[in-house]
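Shown next: target-v4.txt, given as compact mmCIF, C-alpha atoms and all ligand atoms.
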```txt
# COMPACT_ATOMS: atom_id res chain seq x y z
CA MET A 19 0.00 0.00 0.00
CA ILE A 20 1.10 3.54 -0.54
CA TYR A 21 -0.04 6.52 1.53
CA ARG A 22 -0.74 10.08 0.48
CA THR A 23 -1.39 13.19 2.47
CA LEU A 24 -5.00 14.29 2.34
CA GLY A 25 -4.69 17.56 0.45
CA ARG A 26 -2.66 20.09 2.39
CA SER A 27 -3.30 18.36 5.73
CA GLY A 28 -0.71 16.12 7.35
CA LEU A 29 -3.07 13.13 7.44
CA LYS A 30 -1.66 10.02 5.74
CA VAL A 31 -4.44 8.18 3.95
CA SER A 32 -4.04 4.93 2.02
CA ALA A 33 -4.23 5.48 -1.73
CA ILE A 34 -7.01 2.87 -1.87
CA SER A 35 -9.77 3.08 0.74
CA LEU A 36 -12.99 1.18 1.38
CA GLY A 37 -16.57 2.50 1.40
CA SER A 38 -19.91 1.15 2.54
CA TRP A 39 -22.57 2.49 0.12
CA ARG A 40 -25.10 -0.17 -1.06
CA THR A 41 -23.11 -2.93 0.61
CA PHE A 42 -22.40 -3.14 4.37
CA GLY A 43 -25.57 -3.46 6.45
CA VAL A 44 -27.67 -3.47 3.26
CA SER A 45 -26.82 -6.11 0.62
CA VAL A 46 -23.77 -7.63 2.35
CA ASP A 47 -24.20 -9.66 5.56
CA GLN A 48 -22.26 -8.96 8.75
CA GLU A 49 -19.80 -11.83 8.33
CA THR A 50 -18.85 -10.65 4.84
CA THR A 51 -18.67 -7.03 6.03
CA ARG A 52 -16.17 -8.18 8.66
CA ALA A 53 -14.18 -10.18 6.09
CA CYS A 54 -14.05 -7.19 3.70
CA MET A 55 -12.90 -4.77 6.41
CA GLU A 56 -10.32 -7.25 7.74
CA ALA A 57 -8.99 -7.89 4.23
CA ALA A 58 -8.70 -4.12 3.79
CA TYR A 59 -6.90 -3.54 7.08
CA GLU A 60 -4.48 -6.41 6.36
CA ALA A 61 -3.72 -4.92 2.95
CA GLY A 62 -2.83 -1.57 4.54
CA ILE A 63 -6.08 0.24 3.76
CA ASN A 64 -6.52 2.68 6.62
CA PHE A 65 -9.64 4.66 5.61
CA PHE A 66 -13.23 3.41 5.88
CA ASP A 67 -15.97 5.64 4.49
CA GLY A 68 -19.47 5.86 5.98
CA ALA A 69 -22.54 8.08 5.74
CA GLU A 70 -25.72 8.51 7.74
CA ALA A 71 -27.73 7.95 4.55
CA TYR A 72 -26.25 4.52 3.75
CA GLY A 73 -29.05 2.16 4.73
CA SER A 74 -30.34 4.96 7.04
CA GLY A 75 -27.46 4.28 9.44
CA ALA A 76 -27.25 0.50 8.86
CA ALA A 77 -23.88 0.72 7.06
CA GLU A 78 -22.28 2.60 9.96
CA ARG A 79 -23.80 0.21 12.50
CA ALA A 80 -22.32 -2.72 10.56
CA MET A 81 -18.88 -1.08 10.38
CA GLY A 82 -19.11 -0.12 14.05
CA GLU A 83 -19.71 -3.76 14.99
CA VAL A 84 -16.51 -4.73 13.18
CA LEU A 85 -14.51 -1.87 14.73
CA ARG A 86 -15.72 -2.78 18.24
CA SER A 87 -14.64 -6.40 17.98
CA ALA A 88 -11.57 -6.15 15.73
CA GLY A 89 -9.50 -4.47 18.41
CA TRP A 90 -7.57 -2.31 15.93
CA PRO A 91 -5.86 0.54 17.76
CA ARG A 92 -7.86 3.71 17.12
CA ASP A 93 -4.76 5.53 15.90
CA THR A 94 -4.28 3.04 13.03
CA TYR A 95 -7.39 3.81 10.99
CA ILE A 96 -9.41 6.72 9.66
CA ILE A 97 -13.20 6.66 9.76
CA SER A 98 -15.61 9.09 8.13
CA SER A 99 -19.26 9.93 8.12
CA LYS A 100 -21.30 12.11 5.80
CA VAL A 101 -24.33 14.19 6.66
CA ILE A 102 -27.35 15.14 4.55
CA ARG A 103 -30.49 13.19 5.59
CA VAL A 104 -31.37 10.33 7.89
CA GLY A 105 -35.16 10.56 8.24
CA ASP A 106 -38.25 12.20 6.73
CA ARG A 107 -38.82 14.97 9.29
CA PRO A 108 -37.62 18.47 8.33
CA THR A 109 -34.97 18.55 11.08
CA GLN A 110 -33.58 15.13 10.14
CA GLY A 111 -31.86 16.47 7.06
CA GLY A 112 -29.94 19.39 5.63
CA LEU A 113 -26.81 21.07 6.90
CA SER A 114 -28.22 23.25 9.69
CA ARG A 115 -26.17 23.55 12.90
CA LYS A 116 -28.78 21.32 14.57
CA HIS A 117 -28.54 18.52 12.02
CA LEU A 118 -24.74 18.73 11.62
CA VAL A 119 -24.20 18.34 15.38
CA GLU A 120 -26.90 15.68 15.84
CA ALA A 121 -25.71 13.72 12.79
CA CYS A 122 -22.15 13.77 14.08
CA GLU A 123 -23.20 12.51 17.54
CA ALA A 124 -25.38 9.79 15.97
CA ALA A 125 -22.54 8.62 13.69
CA LEU A 126 -20.21 8.40 16.70
CA ARG A 127 -22.74 6.19 18.49
CA ARG A 128 -23.31 3.94 15.46
CA LEU A 129 -19.61 3.55 14.80
CA GLY A 130 -18.72 3.23 18.49
CA VAL A 131 -15.86 5.75 18.30
CA ASP A 132 -15.10 8.95 20.23
CA TYR A 133 -14.32 11.12 17.20
CA LEU A 134 -14.66 11.06 13.41
CA ASP A 135 -11.47 11.62 11.46
CA LEU A 136 -13.37 13.02 8.48
CA PHE A 137 -16.84 14.53 8.37
CA PHE A 138 -18.41 15.44 5.02
CA CYS A 139 -21.38 17.52 3.95
CA HIS A 140 -22.82 14.81 1.67
CA ARG A 141 -24.60 17.23 -0.69
CA PRO A 142 -25.17 21.00 -0.76
CA ASP A 143 -28.15 22.38 1.18
CA PRO A 144 -29.46 25.55 -0.46
CA ASP A 145 -31.44 26.40 2.72
CA THR A 146 -28.42 26.66 5.03
CA PRO A 147 -26.02 29.62 4.76
CA LEU A 148 -22.43 28.56 4.09
CA GLU A 149 -21.39 30.60 7.18
CA GLU A 150 -23.49 28.32 9.39
CA ILE A 151 -21.81 25.23 7.95
CA VAL A 152 -18.23 26.54 8.24
CA HIS A 153 -18.78 27.80 11.81
CA THR A 154 -20.42 24.54 12.95
CA MET A 155 -17.71 22.36 11.41
CA ASN A 156 -15.09 24.49 13.15
CA GLU A 157 -16.95 24.08 16.47
CA LEU A 158 -17.03 20.29 15.99
CA ILE A 159 -13.26 20.36 15.48
CA GLU A 160 -12.76 22.51 18.59
CA ARG A 161 -14.94 20.14 20.62
CA GLY A 162 -12.79 17.18 19.49
CA LYS A 163 -15.71 15.50 17.70
CA ILE A 164 -14.10 15.59 14.24
CA PHE A 165 -10.57 16.19 12.95
CA TYR A 166 -11.13 17.30 9.34
CA TRP A 167 -14.22 18.31 7.40
CA GLY A 168 -15.10 18.46 3.75
CA THR A 169 -17.80 18.39 1.11
CA SER A 170 -19.21 16.00 -1.46
CA GLU A 171 -20.35 17.16 -4.88
CA PHE A 172 -20.22 20.86 -3.93
CA SER A 173 -19.63 23.37 -6.69
CA ALA A 174 -16.15 24.86 -6.90
CA SER A 175 -17.67 28.30 -6.23
CA ASP A 176 -19.31 27.11 -2.98
CA ILE A 177 -16.07 25.47 -1.80
CA GLN A 178 -14.16 28.63 -2.64
CA ALA A 179 -16.73 30.70 -0.72
CA MET A 180 -16.27 28.39 2.29
CA TYR A 181 -12.49 28.90 2.19
CA ALA A 182 -13.09 32.66 2.09
CA ILE A 183 -15.41 32.50 5.15
CA ALA A 184 -12.88 30.36 7.04
CA GLU A 185 -10.03 32.75 6.16
CA ARG A 186 -12.08 35.82 7.10
CA ASP A 187 -13.21 34.40 10.46
CA GLY A 188 -10.00 32.55 11.37
CA LEU A 189 -11.63 29.10 11.16
CA VAL A 190 -10.56 25.73 9.76
CA GLY A 191 -11.73 25.46 6.15
CA PRO A 192 -12.58 22.33 4.19
CA THR A 193 -9.76 19.80 3.71
CA MET A 194 -11.27 17.52 1.07
CA GLU A 195 -14.02 17.08 -1.50
CA GLN A 196 -15.55 13.67 -2.18
CA THR A 197 -16.44 13.44 -5.83
CA ASN A 198 -17.15 10.90 -8.53
CA HIS A 199 -14.02 10.17 -10.56
CA SER A 200 -13.05 7.35 -12.88
CA MET A 201 -11.96 6.69 -16.44
CA LEU A 202 -15.63 7.15 -17.41
CA HIS A 203 -16.39 10.22 -15.29
CA ARG A 204 -13.60 12.75 -15.02
CA LYS A 205 -15.02 16.22 -15.61
CA ARG A 206 -14.85 17.62 -12.08
CA VAL A 207 -11.38 16.44 -10.99
CA GLU A 208 -9.84 17.35 -14.33
CA GLY A 209 -11.83 20.57 -14.80
CA GLU A 210 -13.95 22.47 -12.32
CA LEU A 211 -11.91 21.60 -9.21
CA LEU A 212 -8.45 22.29 -10.68
CA PRO A 213 -8.14 25.90 -9.40
CA LEU A 214 -8.93 24.69 -5.86
CA PHE A 215 -6.15 22.08 -5.94
CA LYS A 216 -3.68 24.79 -6.95
CA ARG A 217 -4.84 27.58 -4.67
CA TYR A 218 -5.95 25.75 -1.52
CA GLY A 219 -4.42 22.29 -1.81
CA LEU A 220 -7.90 20.75 -1.66
CA GLY A 221 -7.69 16.97 -1.11
CA THR A 222 -9.99 14.46 -2.79
CA THR A 223 -11.49 11.19 -1.62
CA ILE A 224 -12.78 10.11 -5.02
CA TYR A 225 -15.65 7.62 -5.23
CA SER A 226 -16.80 4.96 -7.72
CA PRO A 227 -13.30 4.67 -9.25
CA LEU A 228 -14.47 1.42 -10.91
CA ALA A 229 -17.78 2.99 -12.06
CA VAL A 230 -19.56 0.64 -9.63
CA GLY A 231 -17.71 -2.35 -11.11
CA LEU A 232 -18.11 -1.55 -14.82
CA LEU A 233 -14.35 -0.84 -15.02
CA THR A 234 -13.44 -4.30 -13.72
CA GLY A 235 -14.35 -5.73 -17.14
CA LYS A 236 -16.95 -8.04 -15.58
CA TYR A 237 -19.64 -6.68 -17.94
CA ASN A 238 -17.60 -7.10 -21.13
CA ASP A 239 -19.49 -10.27 -22.12
CA GLY A 240 -22.90 -9.77 -20.51
CA LEU A 241 -24.58 -9.09 -17.19
CA PRO A 242 -23.38 -11.41 -14.38
CA PRO A 243 -26.52 -12.21 -12.31
CA ASP A 244 -24.99 -11.49 -8.90
CA SER A 245 -23.56 -8.09 -9.85
CA ALA A 246 -24.33 -4.48 -8.91
CA TYR A 247 -25.72 -3.61 -12.34
CA ALA A 248 -27.92 -6.73 -12.48
CA LYS A 249 -29.36 -5.95 -9.05
CA GLY A 250 -29.18 -2.16 -9.33
CA ALA A 251 -31.71 0.56 -10.00
CA ASP A 252 -32.54 1.89 -13.46
CA TRP A 253 -30.31 4.95 -13.08
CA LEU A 254 -27.34 2.64 -12.61
CA ARG A 255 -28.19 0.32 -15.49
CA LYS A 256 -28.44 3.32 -17.83
CA ARG A 257 -24.65 3.64 -17.54
CA LEU A 258 -24.22 0.22 -19.05
CA THR A 259 -24.17 1.61 -22.57
CA GLN A 260 -22.66 -0.14 -25.58
CA GLU A 261 -20.23 2.77 -25.90
CA ASN A 262 -18.96 2.31 -22.32
CA ILE A 263 -18.72 -1.47 -22.65
CA GLU A 264 -16.78 -1.11 -25.89
CA LYS A 265 -14.35 1.30 -24.22
CA VAL A 266 -13.83 -1.13 -21.33
CA ARG A 267 -13.22 -4.00 -23.79
CA GLN A 268 -10.46 -1.99 -25.47
CA LEU A 269 -9.01 -0.99 -22.09
CA THR A 270 -9.08 -4.63 -20.96
CA ALA A 271 -6.91 -5.51 -23.96
CA ILE A 272 -4.33 -2.92 -22.83
CA ALA A 273 -4.44 -4.28 -19.26
CA GLU A 274 -3.82 -7.81 -20.54
CA GLU A 275 -0.97 -6.59 -22.71
CA ILE A 276 0.85 -5.09 -19.70
CA GLY A 277 0.06 -8.10 -17.51
CA ILE A 278 -2.43 -6.59 -15.06
CA CYS A 279 -6.19 -6.97 -14.63
CA MET A 280 -8.74 -4.37 -15.72
CA SER A 281 -9.57 -3.21 -12.18
CA HIS A 282 -5.85 -2.56 -11.56
CA LEU A 283 -5.63 -0.52 -14.76
CA ALA A 284 -8.70 1.55 -13.80
CA LEU A 285 -7.55 2.22 -10.22
CA ALA A 286 -3.90 2.86 -11.11
CA TRP A 287 -5.11 5.33 -13.77
CA CYS A 288 -6.98 7.26 -11.04
CA LEU A 289 -3.92 7.23 -8.79
CA LYS A 290 -1.68 8.60 -11.56
CA ASN A 291 -3.49 11.89 -10.93
CA PRO A 292 -1.65 13.68 -8.09
CA ASN A 293 -4.85 15.50 -7.13
CA VAL A 294 -6.44 12.20 -6.10
CA SER A 295 -5.63 11.67 -2.41
CA THR A 296 -7.43 8.33 -2.15
CA ALA A 297 -9.74 6.24 -4.33
CA ILE A 298 -12.64 4.79 -2.31
CA ILE A 299 -13.57 1.38 -3.64
CA GLY A 300 -16.68 -0.60 -2.79
CA ALA A 301 -16.72 -4.36 -2.37
CA SER A 302 -19.28 -7.11 -1.98
CA ARG A 303 -16.62 -9.76 -1.29
CA PRO A 304 -13.22 -9.79 0.48
CA GLU A 305 -11.52 -11.12 -2.68
CA GLN A 306 -12.45 -7.88 -4.44
CA VAL A 307 -10.81 -5.86 -1.65
CA LYS A 308 -7.60 -7.92 -1.88
CA GLU A 309 -7.47 -7.59 -5.65
CA ASN A 310 -8.20 -3.85 -5.69
CA ALA A 311 -5.80 -2.95 -2.86
CA ALA A 312 -2.90 -4.26 -4.94
CA ALA A 313 -3.56 -1.57 -7.58
CA ALA A 314 -1.79 1.02 -5.41
CA ASP A 315 1.54 -0.54 -6.41
CA MET A 316 0.78 -0.63 -10.15
CA THR A 317 1.00 3.01 -11.16
CA ASP A 318 4.48 2.53 -12.68
CA ARG A 319 3.02 0.09 -15.20
CA LEU A 320 1.10 2.97 -16.74
CA THR A 321 3.95 4.49 -18.73
CA PRO A 322 3.43 7.72 -20.70
CA GLU A 323 2.89 5.60 -23.84
CA ILE A 324 0.22 3.48 -22.12
CA MET A 325 -1.45 6.61 -20.69
CA GLU A 326 -1.59 8.05 -24.20
CA ARG A 327 -3.19 4.90 -25.61
CA ILE A 328 -5.73 4.92 -22.75
CA GLU A 329 -6.51 8.56 -23.53
CA ARG A 330 -7.20 7.74 -27.18
CA ILE A 331 -9.79 5.18 -26.05
CA LEU A 332 -11.39 7.44 -23.44
CA SER A 333 -11.46 10.60 -25.56
CA PRO A 334 -11.60 9.58 -29.23
CA SER A 335 -12.85 13.09 -30.05
CA ILE A 336 -9.46 14.52 -29.03
CA GLU A 337 -7.79 12.21 -31.53
CA LYS A 338 -10.27 13.17 -34.25
CA ALA A 339 -9.72 16.87 -33.54
CA ALA A 340 -5.95 16.43 -33.62
CA GLY A 341 -6.04 14.22 -36.70
N1 LIG B 401 -20.10 10.88 -1.71
C1 LIG B 401 -20.94 10.25 -2.49
O1 LIG B 401 -21.93 10.80 -2.96
C2 LIG B 401 -20.66 8.81 -2.84
C3 LIG B 401 -21.38 8.20 -3.89
C4 LIG B 401 -21.07 6.87 -4.21
C5 LIG B 401 -20.10 6.20 -3.47
N2 LIG B 401 -19.45 6.82 -2.42
C6 LIG B 401 -18.43 6.12 -1.60
O2 LIG B 401 -17.50 5.46 -2.45
C7 LIG B 401 -17.51 4.06 -2.17
C8 LIG B 401 -17.21 3.28 -3.41
O3 LIG B 401 -18.22 3.51 -4.40
P1 LIG B 401 -18.60 2.34 -5.41
O4 LIG B 401 -19.17 1.20 -4.68
O5 LIG B 401 -19.39 2.95 -6.50
O6 LIG B 401 -17.11 1.95 -5.93
P2 LIG B 401 -16.54 1.08 -7.10
O7 LIG B 401 -15.24 0.57 -6.57
O8 LIG B 401 -16.55 1.85 -8.37
O9 LIG B 401 -17.57 -0.15 -7.29
C9 LIG B 401 -17.67 -1.12 -6.32
C10 LIG B 401 -18.44 -2.33 -6.80
O10 LIG B 401 -17.83 -2.92 -7.94
C11 LIG B 401 -17.80 -4.34 -7.83
N3 LIG B 401 -16.37 -4.71 -7.71
C12 LIG B 401 -15.40 -4.06 -7.00
N4 LIG B 401 -14.22 -4.66 -7.16
C13 LIG B 401 -14.41 -5.69 -7.98
C14 LIG B 401 -13.53 -6.66 -8.54
N5 LIG B 401 -12.23 -6.64 -8.27
N6 LIG B 401 -14.05 -7.58 -9.39
C15 LIG B 401 -15.38 -7.57 -9.69
N7 LIG B 401 -16.27 -6.68 -9.19
C16 LIG B 401 -15.78 -5.73 -8.35
C17 LIG B 401 -18.60 -4.67 -6.58
O11 LIG B 401 -19.99 -4.80 -6.92
P3 LIG B 401 -20.73 -6.19 -7.22
O12 LIG B 401 -19.88 -7.30 -6.69
O13 LIG B 401 -22.03 -6.04 -6.50
O14 LIG B 401 -20.92 -6.22 -8.70
C18 LIG B 401 -18.44 -3.42 -5.74
O15 LIG B 401 -19.45 -3.22 -4.80
C19 LIG B 401 -18.90 3.82 -1.56
O16 LIG B 401 -18.94 2.64 -0.80
C20 LIG B 401 -19.08 5.07 -0.71
O17 LIG B 401 -18.36 4.94 0.50
C21 LIG B 401 -19.71 8.11 -2.14
```

Do you think you could lay out the structure here as structure tokens?
Amino acid sequence: MIYRTLGRSGLKVSAISLGSWRTFGVSVDQETTRACMEAAYEAGINFFDGAEAYGSGAAERAMGEVLRSAGWPRDTYIISSKVIRVGDRPTQGGLSRKHLVEACEAALRRLGVDYLDLFFCHRPDPDTPLEEIVHTMNELIERGKIFYWGTSEFSASDIQAMYAIAERDGLVGPTMEQTNHSMLHRKRVEGELLPLFKRYGLGTTIYSPLAVGLLTGKYNDGLPPDSAYAKGADWLRKRLTQENIEKVRQLTAIAEEIGICMSHLALAWCLKNPNVSTAIIGASRPEQVKENAAAADMTDRLTPEIMERIERILSPSIEKAAG
């Protein structure tokens, strides 16, 4: 495993990390959750990602059960939660001071820990002033409830405004943004967020680096019955386009040529980007965790020539324009 600092903070996060959306406490039983987290910890993964919304708290309860019994020293792992909504009542969602504080306390109870290392605003809340969010996050840091805070899928202008508030009021600003990034979805990390990496050293905990498994190559020849896309909602299946599958087939050929598997190619490609602090994978089986964790050591296989060939597959329009 390799470790990177989370943005401009001093926190050392494993380049591959493990998340709990759709899986732990929801579609994956407790024994398999334990096996996945243990496989991760053994492979050097030190960051586990949660959220109040995942199974309405079930994912964090499942991870908490593992953390309670595993006996891992608290200073050897990083745990996160994300806040946006946990119930239907008006006060059970949003980013108000009330919900931020209550969501943090509830996550601590579910996970069975005394503090969260990372706490994210899971989505923007147009009803809460950014000042209220920045001030409350700073208070949570001062009270020792969280160490670092960040955002998920916030616009660059909102993140910039939050840095400005923090600077003006002498508070701790956001450390990281959690955003979708993979070979098939790269607009924000390679575009909108770039000025924030340069100016503020914003870190990123990117999610769905395998496009929910599409970039493992498992859909190249059909829909495996026990897979995320077979079981998933319509919005997910819509991403299973012929164009995407054809791209992954061509990428799989490159992976085979350089002697690695498709998931390694996809994850190593993400990690070639220095603005990616960690790539959060998901897993329904411990074998997937073991396989994916090894990708952190594969970035050297992606030589400039291989990166160029990958680019021609991902962005054929660039080639057409150039040609
Ligand atoms: N902030 C946000 O809004 C947000 C949104 C989404 C996710 N996240 C975070 O990011 C984490 C990862 O997201 P993700 O689950 O979309 O990540 P992903 O790594 O792109 O996809 C994970 C899924 O792909 C399949 N898979 C993984 N490795 C495999 C392998 N080696 N071989 C075959 N299949 C494999 C598994 O599904 P099957 O076995 O079921 O096919 C697994 O559940 C989440 O758990 C969550 O913590 C955050």

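Every residue within 12 Å of the file position (-21.1, 31.8, -1.9), judged by all atoms listed in the file, is given as Pro142, Pro144, Thr146, Pro147, Leu148, Glu149, Ile151, Val152, Phe172, Ser173, Ala174, Ser175, Asp176, Ile177, Gln178, Ala179, Met180, Tyr181, Ala182 and Ile183 of chain A.
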
Report task. Please provide the set of residues having any atom within 12 Å of Ser32 (chain A), restricted to only C-alpha atoms, with same-chain residues fewer than 2 positions apart removed, written as a ChimeraX atom specification. Result -> /A:19-24,29-30,34-36,58-59,61-66,94-96,223,289,294-299,311-315

Selected residues written out, C-alpha atoms, as a JSON list (two decimals), in the frame of the given file:
```json
[["chain", "number", "residue", "atom", "x", "y", "z"],
["A", 19, "MET", "CA", 0.00, 0.00, 0.00],
["A", 20, "ILE", "CA", 1.10, 3.54, -0.54],
["A", 21, "TYR", "CA", -0.04, 6.52, 1.53],
["A", 22, "ARG", "CA", -0.74, 10.08, 0.48],
["A", 23, "THR", "CA", -1.39, 13.19, 2.47],
["A", 24, "LEU", "CA", -5.00, 14.29, 2.34],
["A", 29, "LEU", "CA", -3.07, 13.13, 7.44],
["A", 30, "LYS", "CA", -1.66, 10.02, 5.74],
["A", 34, "ILE", "CA", -7.01, 2.87, -1.87],
["A", 35, "SER", "CA", -9.77, 3.08, 0.74],
["A", 36, "LEU", "CA", -12.99, 1.18, 1.38],
["A", 58, "ALA", "CA", -8.70, -4.12, 3.79],
["A", 59, "TYR", "CA", -6.90, -3.54, 7.08],
["A", 61, "ALA", "CA", -3.72, -4.92, 2.95],
["A", 62, "GLY", "CA", -2.83, -1.57, 4.54],
["A", 63, "ILE", "CA", -6.08, 0.24, 3.76],
["A", 64, "ASN", "CA", -6.52, 2.68, 6.62],
["A", 65, "PHE", "CA", -9.64, 4.66, 5.61],
["A", 66, "PHE", "CA", -13.23, 3.41, 5.88],
["A", 94, "THR", "CA", -4.28, 3.04, 13.03],
["A", 95, "TYR", "CA", -7.39, 3.81, 10.99],
["A", 96, "ILE", "CA", -9.41, 6.72, 9.66],
["A", 223, "THR", "CA", -11.49, 11.19, -1.62],
["A", 289, "LEU", "CA", -3.92, 7.23, -8.79],
["A", 294, "VAL", "CA", -6.44, 12.20, -6.10],
["A", 295, "SER", "CA", -5.63, 11.67, -2.41],
["A", 296, "THR", "CA", -7.43, 8.33, -2.15],
["A", 297, "ALA", "CA", -9.74, 6.24, -4.33],
["A", 298, "ILE", "CA", -12.64, 4.79, -2.31],
["A", 299, "ILE", "CA", -13.57, 1.38, -3.64],
["A", 311, "ALA", "CA", -5.80, -2.95, -2.86],
["A", 312, "ALA", "CA", -2.90, -4.26, -4.94],
["A", 313, "ALA", "CA", -3.56, -1.57, -7.58],
["A", 314, "ALA", "CA", -1.79, 1.02, -5.41],
["A", 315, "ASP", "CA", 1.54, -0.54, -6.41]]
```

Requested in this report: Please give me, as a ChimeraX atom specification, the residues lying within 7 Å of ligand LIG 401 (chain B) when counting all atoms listed in the file.
Outcome: /A:36-41,67-68,140,170-171,196-198,225-231,234,236,244-247,281,298-303,306-307,309-310

Requested in this report: Could you check which of A:His203, A:Arg115, A:Arg161, A:His153 is closest to Asp132 (chain A), using all atoms listed in the file?
Outcome: A:Arg161

**Report entry** One-decimal distance in Å that lies between CA of Leu113 (chain A) and CA of Gly162 (chain A)
**Finding:**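 We find that CA of Gly162 (chain A) and CA of Leu113 (chain A) lie 19.2 Å from each other.
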
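In this structure, CA of Asn238 (chain A) sits 14.0 Å away from CA of Ile272 (chain A).
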
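Each of A:Pro292, A:Gly89, A:Gly43, A:Gly75 was checked against Lys216 (chain A) using only C-alpha atoms; the smallest atom-to-atom distance is that of A:Pro292.
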
**Report entry** Two-atom distance - CA of Cys139 (chain A), CA of Gly73 (chain A) (Å)
**Finding:**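 Result for CA of Cys139 (chain A) versus CA of Gly73 (chain A): 17.2 Å, one decimal.
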
Query raised in the report: Any idea what's packed within 12 Å of Ser99 (chain A), counting all atoms listed in the file, ignoring anything in its chain fewer than 2 positions away? Could you give it as a ChimeraX atom specification?
Result: /A:37-39,65-72,75,77-79,81-82,96-97,101-103,118,121-129,131,133-140,163-170,196

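Between Leu258 (chain A) and the candidates A:Asp93, A:Glu329, A:Asp239, A:Glu60, the tightest atom-to-atom separation, counting all atoms listed in the file, involves A:Asp239.
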
Query raised in the report: Counting all atoms listed in the file, what is within 12 Å of Leu269 (chain A), bar same-chain residues fewer than 6 positions away, as a PyMOL selection string?
Result: chain A and resi 201-202+232-235+238+262-263+275-276+278-284+287+324-332

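In this comparison, which uses all atoms listed in the file, the residue of A:Thr51, A:Ser87, A:Gly219, A:Gln260 approaching Gly240 (chain A) most closely is A:Gln260.
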
Query raised in the report: In terms of the shortest atom-to-atom distance over all atoms listed in the file, which of A:Asp318, A:Glu195, A:Glu160, A:Glu261 is closest to Arg141 (chain A)?
Result: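 Nearest to Arg141 (chain A): A:Glu195.
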
Query raised in the report: When distances are computed from only C-alpha atoms, which of A:Arg52, A:Tyr218, A:Ser98, A:Thr154 shows the smallest separation from Arg86 (chain A)?
Result: A:Arg52
